[in-house]
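In what follows, a structure is listed as structure tokens, so that the remarks can point back to it.
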Amino acid sequence: MLTLGVTIFIGVDSTWRSLQVYQNEAYKRDNQADIELIIKPTVLDRKKIAGIKHVKNFETSLKTEQKNLVVNAVQPNFKLNGFTITGGKAKLKGNNCVLDQSFAEQNKIKVGDQMTIAKQQYKVAGLATSSSYLYLTPDSTTVIPNHKEYGFVYITNERPVVNRILLQTNQVKQVKKELQSVFKQDIISLSSTKETLNDLAVSQKITQYQTIGSLFPVVFFMIVILMSFTTMYRLINRERQTIGTMRSLGLSDSQILLHYLSYSFLVSIVGTVLGVVLGWKLIPPYIWRFFNELFVFGDYKIILDFKQVLLVSILGILCTCLATVFVFKRLSREKPAELLRDKVDEGHQSRILISSKMQVLNKLIFRQISNGKLRAIMTVIGVAGSTGLLLSALGIRDTVNGVANTVYERNYLYDAKIYLNQSVQTNKKNTEFLMEYPVFLMSASHDKTSIVHILEDQSKLIRIYQPSGEAVNLKTDEILITEKTAKLYDVKVGDRMRFYDSKGNLINFKVTTIGQLNIGQGVYLTQESWKNLAQNFVPTSIISKNQNLADLESHATKVTKTEQQKKDFLKSMSSTLSMSLLLILAAGSLLIIVLYNLGVLNFSDRSRSLATLSVLGFKNQELKKILSTENIFLSIAGIIIGIPVGKMLHHKIFANAGMGDELDFTPLIALKSYFITIGFTIALIVLVTFLLNRKIRKIKMVEALKSVE
């Protein structure tokens, strides 16, 4: 049990620490900027930046997007947000470029090849990875990178026009405020490094595993400690006659205690070391395989935090050794002659049993529970904890699958989304125009980039629901923001928000509705509402349930299929789903160990009383009923307590989970998961009870009842 607990604890801890260390080292290696400001293309007056306090360093560049590439036009001697060469050389002079290694590999582009960028021919001088593009997708609804269709490239900027400013500072908040006052309506995006999608995707994956690591393994390990304590408690109690013999032979209490402590210490050390090695070597490499499908990582190393190793080692040793000391101190109060005799339960009876009219068998069952309060408490806690862990682990899969089903079957009712490169007209049925407009959105307390989604009036292909489950039908002058956006900007219904439009006009609007949407965060309103804000509707895409879209695809920069997006989303969650599988197996194994261990120890403690009842005329079937009813009653009590514990753990795991600001998890535990958890636990109870009942026939009444000879 101790090995299993340490394996899970160290495995999850090493996974998120390794990811965090890699991110920090990559940022340091590529000299990541603290702030990224995207403005309308302009010939920048550098004095505007130089006049801002607390700015250590800044650089300008021109960042544009092609159909399949993010183009970074930088100065030849640039230093911020750099890259790491993996092939060729970092030559950006003239018509040389440095290309995304993953994009090059997927498209079979080699160093020295020619490629067209912004209608000019460039030679691939080198291949690289960049900490600015650990996670790279073309839009907010695409959650898994496709390195064949989208990548990055660096070229030299030979024009004075720039639209991106990178800054290094120790005062991020203050500098951001000053940038807002300087550039105002020219701002398209203003974010710290920690607010970029690239950083959020990695950081929130770290947070997700930190949450799992701070809840699941801790609860798991606490149960293991509890079971280890119980095991040692009973083991020493069963050694009372041996202890009595040693004391009779003249051995001191300290010598006897040292003998049993050496056993406890050895067991805990072996279990801890084995668990650390298994957790470090097995779990992180297994999970990291799925990280590589989501992020672009170079060489990495699995981190083993020695503070955590020391912590679990101390806990493992203490839980077994303290139990040994605790029990031995109780036994040392008795005289050697008393220790040589079996311990007899104190004959006491609770008032409820004296006054009740229960049957004799039921009285005996409750008497057994009353006389073994510690055993009963341990059983209930063990079953409750194991059941809760199993339910929360099953809920992880339910939540991920629930998001996929809700978004791509309930919210987005279209089959395809066509991104337009020019204005088109269409009269096809089940087809709607959609405009997605990036803005620097401001509230009373928060400012950051978001997306305004302008839908057709009475849209039938995009449905948004309130947290209560009621569908939202947007009317004229009604403006909806998603629940996660509301949390990010700290706004509620009735609050006002604002942004600058393309002409530099400040647009102020009131939030009328908050809707729940897992993917596609931002602001939603109808075409009519958009026009009432004095804005022109210029569609950026077409959404359609019509399968015959060949004529429209000729006007497209790209086409995404909803069915494929659903598959991509589930693939992006493969690391989470794989972790949930490990947790399900671990929780199931723990539940088996807990039930069997407590059941066997319970039977061992009960053998003398069962033999007594047999002598008094109770039949084997009646003895089985006594033993079975007690185990089932305590286990069911554990299940009842464990269900809400599992729900609480599950909600905690997804409290801060997500993929940047675009993905919002709605915690869900399906009904079948409750049935699986309860059914699995009951099945184990029945199996353990069956195995224990078979032992009743093997009880030798004379041997069990006779005193020490």
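As shown in the structure tokens, the chain order sets the letters A, B, ...; within each chain, residues go from 1, and ligands are also counted from 1 in the order they appear.
The list of residues with at least one atom within 9 Å of A:Ser130, based on only C-alpha atoms and without residues fewer than 5 positions apart in the same chain, reads Ala26, Tyr27, Asp30, Asn81, Gly82, Phe83, Thr84, Ile85, Asp100 and Val296 of chain A.
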Mind writing the picked residues with C-alpha atoms as a tab-separated table (two decimals), in the first residue's frame?
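That gives us result_34.tsv:
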chain	number	residue	atom	x	y	z
A	26	ALA	CA	13.00	27.78	-22.47
A	27	TYR	CA	11.90	31.33	-21.60
A	30	ASP	CA	15.15	32.56	-25.72
A	81	ASN	CA	11.57	36.37	-28.00
A	82	GLY	CA	14.28	34.57	-29.87
A	83	PHE	CA	14.62	31.00	-31.08
A	84	THR	CA	16.89	28.00	-30.63
A	85	ILE	CA	18.53	26.69	-33.78
A	100	ASP	CA	9.71	26.31	-37.51
A	296	VAL	CA	6.66	21.62	-29.07
Considering only C-alpha atoms, tabulate each residue of stretch 253-357 of chain A that lies at most 8 Å from stretch 570-575 of chain A along with its nearest interatomic pair and the corresponding distance in Å to one decimal; arrange the rows by chain and ascending residue number and present them as a tab-separated table.
residue	atom	partner	partner_atom	distance
A:Ile287	CA	A:Ser575	CA	5.6
A:Trp288	CA	A:Ser575	CA	7.6
A:Arg289	CA	A:Ser575	CA	8.0
A:Phe290	CA	A:Ser575	CA	5.0
A:Phe291	CA	A:Ser575	CA	6.4
A:Glu293	CA	A:Ser572	CA	7.3
A:Leu294	CA	A:Ser572	CA	6.0
Export of the given selection (C-alpha atoms) as a compact mmCIF listing (two decimals), in the first residue's frame:
# COMPACT_ATOMS: atom_id res chain seq x y z
CA ILE A 287 2.25 11.33 -19.64
CA TRP A 288 4.96 13.28 -21.50
CA ARG A 289 4.26 11.29 -24.67
CA PHE A 290 0.89 13.03 -24.83
CA PHE A 291 2.40 16.44 -24.01
CA GLU A 293 1.27 15.96 -29.23
CA LEU A 294 0.15 19.29 -27.76
### Task
Tell me which of A:Lys110, A:Lys176, A:Arg238, A:Lys205 sits closest to A:Thr193, counting only C-alpha atoms.
A:Lys176
### Query
If we count only C-alpha atoms, what is near A:Glu662 at a cut-off of 6 Å, once residues fewer than 6 positions away on the same chain are taken out, given as an MDAnalysis selection string?
chainID A and resid 519:521
Saved selection, atoms kept: N, CA and C atoms, as a PDB file, in the first residue's frame:
ATOM      1  N   ILE A 519     -15.919  26.345 -25.209  1.00  0.00           N
ATOM      2  CA  ILE A 519     -14.897  26.782 -26.166  1.00  0.00           C
ATOM      3  C   ILE A 519     -15.464  27.937 -26.983  1.00  0.00           C
ATOM      4  N   GLY A 520     -14.649  28.988 -27.176  1.00  0.00           N
ATOM      5  CA  GLY A 520     -15.108  30.146 -27.931  1.00  0.00           C
ATOM      6  C   GLY A 520     -15.534  31.276 -27.020  1.00  0.00           C
ATOM      7  N   GLN A 521     -14.651  31.647 -26.076  1.00  0.00           N
ATOM      8  CA  GLN A 521     -15.001  32.682 -25.105  1.00  0.00           C
ATOM      9  C   GLN A 521     -15.034  34.057 -25.766  1.00  0.00           C
TER      10      GLN A 521
END
### Task
Taking the DSSP assignment computed from this structure's backbone, write out as a PyMOL selection string all residues of stretch 573-699 of chain A that belong to helix (DSSP H, G or I).
chain A and resi 574-615+620-653+671-696
### Message
Need the shell around A:Glu334: protein/DNA/RNA residues with any atom at most 12 Å away, counting only C-alpha atoms. Skip same-chain ones fewer than 6 positions apart. Format as a VMD selection string?
### Response
chain A and resid 240 to 241 243 to 244 247 253 327 to 328 340 to 341 343
Contacts of stretch 450-464 of chain A within 8 Å, only C-alpha atoms, excl. fewer than 5 positions in-chain, as an mmCIF file with C-alpha atoms, in the first residue's frame:
data_model
loop_
_atom_site.group_PDB
_atom_site.id
_atom_site.type_symbol
_atom_site.label_atom_id
_atom_site.label_comp_id
_atom_site.auth_asym_id
_atom_site.auth_seq_id
_atom_site.Cartn_x
_atom_site.Cartn_y
_atom_site.Cartn_z
ATOM 1 C CA ARG A 410 -25.106 21.278 -28.664
ATOM 2 C CA ASN A 411 -23.416 24.677 -29.151
ATOM 3 C CA TYR A 412 -21.905 24.494 -32.627
ATOM 4 C CA LEU A 413 -24.593 22.969 -34.817
ATOM 5 C CA TYR A 414 -22.757 23.506 -38.112
ATOM 6 C CA ASN A 430 -28.421 26.070 -43.516
ATOM 7 C CA GLU A 432 -24.855 31.674 -41.999
ATOM 8 C CA PHE A 433 -22.284 34.465 -42.009
ATOM 9 C CA LEU A 434 -20.136 35.012 -38.930
ATOM 10 C CA MET A 435 -17.857 37.895 -38.013
ATOM 11 C CA GLU A 436 -15.111 37.440 -35.408
ATOM 12 C CA TYR A 437 -13.497 40.724 -34.441
ATOM 13 C CA PRO A 438 -10.457 40.830 -32.092
ATOM 14 C CA VAL A 439 -10.528 43.816 -29.730
ATOM 15 C CA PHE A 440 -8.691 45.102 -26.691
ATOM 16 C CA LEU A 441 -11.602 44.727 -24.290
ATOM 17 C CA ALA A 471 -31.218 28.494 -24.243
ATOM 18 C CA VAL A 472 -30.307 32.136 -24.920
ATOM 19 C CA ASN A 473 -32.104 33.859 -27.804
ATOM 20 C CA LEU A 474 -30.192 37.071 -28.442
ATOM 21 C CA LYS A 475 -32.401 39.991 -29.385
ATOM 22 C CA GLY A 515 -23.930 32.433 -21.134
ATOM 23 C CA GLN A 516 -22.079 29.181 -20.651
ATOM 24 C CA LEU A 517 -19.745 28.120 -23.449
ATOM 25 C CA GLN A 521 -15.001 32.682 -25.105
ATOM 26 C CA GLY A 522 -15.737 36.368 -25.619
ATOM 27 C CA VAL A 523 -18.611 38.701 -26.496
ATOM 28 C CA TYR A 524 -21.656 37.638 -28.559
ATOM 29 C CA LEU A 525 -24.273 39.821 -30.240
ATOM 30 C CA THR A 526 -26.423 39.911 -33.381
ATOM 31 C CA GLN A 527 -25.792 41.787 -36.629
ATOM 32 C CA GLU A 528 -28.532 44.274 -35.785
ATOM 33 C CA TRP A 530 -23.571 45.413 -34.030
ATOM 34 C CA PHE A 537 -20.747 43.833 -40.524
ATOM 35 C CA ILE A 543 -20.708 28.346 -41.014
ATOM 36 C CA SER A 544 -22.852 25.723 -42.687
#
### Task
Could you please write out, as number ranges by chain, every residue of stretch 308-511 of chain A that DSSP assigns to strand (DSSP E or B)?
A: 412, 416-420, 431-442, 447-455, 462, 464-465, 471-472, 480-482, 496-500, 506-510
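Among the candidates A:Arg164, A:Lys531, A:Arg17, A:Lys545, the one nearest to A:Asp477 when counting only C-alpha atoms is A:Lys531.
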For the contact check between stretch 567-678 of chain A and stretch 387-407 of chain A, emit one row per residue of stretch 567-678 of chain A within 9 Å, containing the shortest atom pair and the distance in Å rounded to one decimal, counting only C-alpha atoms, chain then rising number order, as CSV.
residue,atom,partner,partner_atom,distance
A:Lys567,CA,A:Ala404,CA,8.5
A:Phe569,CA,A:Ala404,CA,7.0
A:Leu570,CA,A:Ala404,CA,7.1
A:Met573,CA,A:Val400,CA,7.3
A:Thr576,CA,A:Ile396,CA,7.8
A:Leu577,CA,A:Arg397,CA,6.0
A:Met579,CA,A:Ala393,CA,8.8
A:Ser580,CA,A:Ala393,CA,5.4
A:Leu581,CA,A:Ala393,CA,7.5
A:Leu582,CA,A:Ala393,CA,8.7
A:Leu583,CA,A:Ala393,CA,5.8
A:Ile584,CA,A:Ala393,CA,5.4
A:Leu585,CA,A:Leu390,CA,8.4
A:Ala586,CA,A:Leu390,CA,8.3
A:Ala587,CA,A:Leu390,CA,5.1
A:Gly588,CA,A:Leu390,CA,6.4
A:Leu591,CA,A:Thr387,CA,7.1
A:Gly638,CA,A:Thr387,CA,7.8
A:Ile639,CA,A:Thr387,CA,6.2
A:Ile641,CA,A:Gly388,CA,8.3
A:Gly642,CA,A:Gly388,CA,4.5
A:Ile643,CA,A:Gly388,CA,5.6
A:Pro644,CA,A:Gly388,CA,7.3
A:Val645,CA,A:Gly388,CA,5.2
A:Gly646,CA,A:Gly388,CA,3.6
A:Lys647,CA,A:Ser392,CA,6.3
A:Met648,CA,A:Ser392,CA,8.2
A:Leu649,CA,A:Ser392,CA,6.1
A:His650,CA,A:Ser392,CA,4.7
A:His651,CA,A:Ser392,CA,8.5
A:Ile653,CA,A:Ile396,CA,8.5
A:Phe654,CA,A:Ile396,CA,8.5
A:Asp664,CA,A:Val403,CA,8.6
A:Phe665,CA,A:Val403,CA,6.8
A:Thr666,CA,A:Thr399,CA,6.6
A:Pro667,CA,A:Thr399,CA,5.4
A:Leu668,CA,A:Thr399,CA,4.7
A:Ile669,CA,A:Gly395,CA,4.6
A:Ala670,CA,A:Asp398,CA,6.0
A:Ser673,CA,A:Leu394,CA,6.1
A:Tyr674,CA,A:Leu391,CA,6.8
A:Ile676,CA,A:Leu391,CA,8.4
A:Thr677,CA,A:Leu391,CA,5.9
A:Ile678,CA,A:Thr387,CA,7.8
Just write the chosen residues, C-alpha atoms, as a CSV table (one decimal), in the first residue's frame.
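Produced file result_21.csv, reproduced below:
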chain,number,residue,atom,x,y,z
A,567,LYS,CA,-11.5,14.6,-32.5
A,569,PHE,CA,-10.1,18.3,-28.9
A,570,LEU,CA,-10.2,14.8,-27.4
A,573,MET,CA,-6.9,16.0,-23.8
A,576,THR,CA,-5.5,14.3,-19.0
A,577,LEU,CA,-7.5,11.2,-20.1
A,579,MET,CA,-3.8,10.5,-16.2
A,580,SER,CA,-7.4,9.7,-15.3
A,581,LEU,CA,-6.9,6.1,-16.4
A,582,LEU,CA,-3.9,5.8,-14.1
A,583,LEU,CA,-5.9,7.3,-11.2
A,584,ILE,CA,-8.8,5.0,-11.9
A,585,LEU,CA,-6.5,2.0,-11.7
A,586,ALA,CA,-4.8,3.3,-8.6
A,587,ALA,CA,-8.0,4.1,-6.8
A,588,GLY,CA,-9.5,0.7,-7.8
A,591,LEU,CA,-10.1,0.0,-2.8
A,638,GLY,CA,-18.2,4.5,3.7
A,639,ILE,CA,-19.8,4.7,0.3
A,641,ILE,CA,-19.7,9.4,2.8
A,642,GLY,CA,-17.3,8.8,-0.1
A,643,ILE,CA,-19.8,10.0,-2.9
A,644,PRO,CA,-19.8,13.7,-1.7
A,645,VAL,CA,-16.0,13.5,-1.1
A,646,GLY,CA,-15.5,12.4,-4.7
A,647,LYS,CA,-17.7,15.2,-6.0
A,648,MET,CA,-15.8,17.8,-4.0
A,649,LEU,CA,-12.4,16.4,-5.2
A,650,HIS,CA,-13.7,16.5,-8.8
A,651,HIS,CA,-14.8,20.1,-8.6
A,653,ILE,CA,-9.5,19.4,-9.9
A,654,PHE,CA,-11.3,21.5,-12.6
A,664,ASP,CA,-13.8,26.4,-19.8
A,665,PHE,CA,-14.4,23.1,-18.2
A,666,THR,CA,-17.9,22.3,-16.7
A,667,PRO,CA,-17.3,19.6,-14.0
A,668,LEU,CA,-19.5,16.6,-14.8
A,669,ILE,CA,-19.8,13.2,-13.3
A,670,ALA,CA,-22.1,11.0,-15.4
A,673,SER,CA,-19.8,6.7,-13.1
A,674,TYR,CA,-21.9,6.7,-9.9
A,676,ILE,CA,-19.7,2.0,-11.6
A,677,THR,CA,-18.2,3.3,-8.4
A,678,ILE,CA,-21.0,2.0,-6.2
### Task
Considering only C-alpha atoms, state which residue in the set A:Asn237, A:Asn198, A:Ser191, A:Ser132 is at the smallest distance from A:Asp447.
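Looking only at the distances to A:Asp447, the closest residue turns out to be A:Ser191.
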### Task
List the neighbours of A:Ser214 out to 12 Å using only C-alpha atoms; skip same-chain residues closer than 3 positions along the sequence, and give me the result as an MDAnalysis selection string.
chainID A and resid 8:10 12:13 16 206:211 217:222 308 649 652:653
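Reported to one decimal place, the separation of atom CA of A:Thr7 from atom CA of A:Leu634 is 28.4 Å.
Closest approach to A:Leu257 among A:Leu322, A:Ile632, A:Ala201, A:Leu215: A:Leu322, based on only C-alpha atoms.
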### Task
Have a look at A:Gln255, A:Gln466, A:Ser635, A:Ser192 and name the one nearest to A:Val594; count only C-alpha atoms.
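Once distances to A:Val594 are computed over only C-alpha atoms, the minimum belongs to A:Ser635.
Across A:Val153, A:Ile626, A:Ala323, A:Ile418, the tightest approach to A:Ala128 is made by A:Val153 when counting only C-alpha atoms.
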Find the residues around stretch 35-43 of chain A up to 6 Å (only C-alpha atoms counted), leave out those fewer than 5 positions away in its own chain, and share them as an mmCIF file with C-alpha atoms, in the first residue's frame.
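Once written, selection18.cif looks like this:
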data_model
loop_
_atom_site.group_PDB
_atom_site.id
_atom_site.type_symbol
_atom_site.label_atom_id
_atom_site.label_comp_id
_atom_site.auth_asym_id
_atom_site.auth_seq_id
_atom_site.Cartn_x
_atom_site.Cartn_y
_atom_site.Cartn_z
ATOM 1 C CA PRO A 160 10.157 51.016 -41.156
ATOM 2 C CA VAL A 161 6.584 49.896 -40.480
ATOM 3 C CA VAL A 162 6.067 47.870 -37.285
ATOM 4 C CA ASN A 163 3.057 46.548 -35.366
ATOM 5 C CA ARG A 164 4.618 44.684 -32.434
ATOM 6 C CA ILE A 165 6.560 46.011 -29.468
ATOM 7 C CA LEU A 166 8.273 43.651 -27.018
ATOM 8 C CA LEU A 167 9.302 45.032 -23.638
ATOM 9 C CA ASP A 186 -4.108 52.012 -31.647
ATOM 10 C CA ILE A 187 -3.905 48.969 -29.364
ATOM 11 C CA ILE A 188 -4.991 45.669 -30.889
ATOM 12 C CA SER A 189 -3.543 43.467 -28.162
ATOM 13 C CA LEU A 190 -1.691 44.169 -24.926
ATOM 14 C CA SER A 191 -0.657 41.283 -22.725
ATOM 15 C CA SER A 192 2.021 40.141 -20.352
ATOM 16 C CA THR A 193 3.840 36.921 -21.153
#
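One finds atom CA of A:Ala384 at 15.4 Å from atom CA of A:Ala683.
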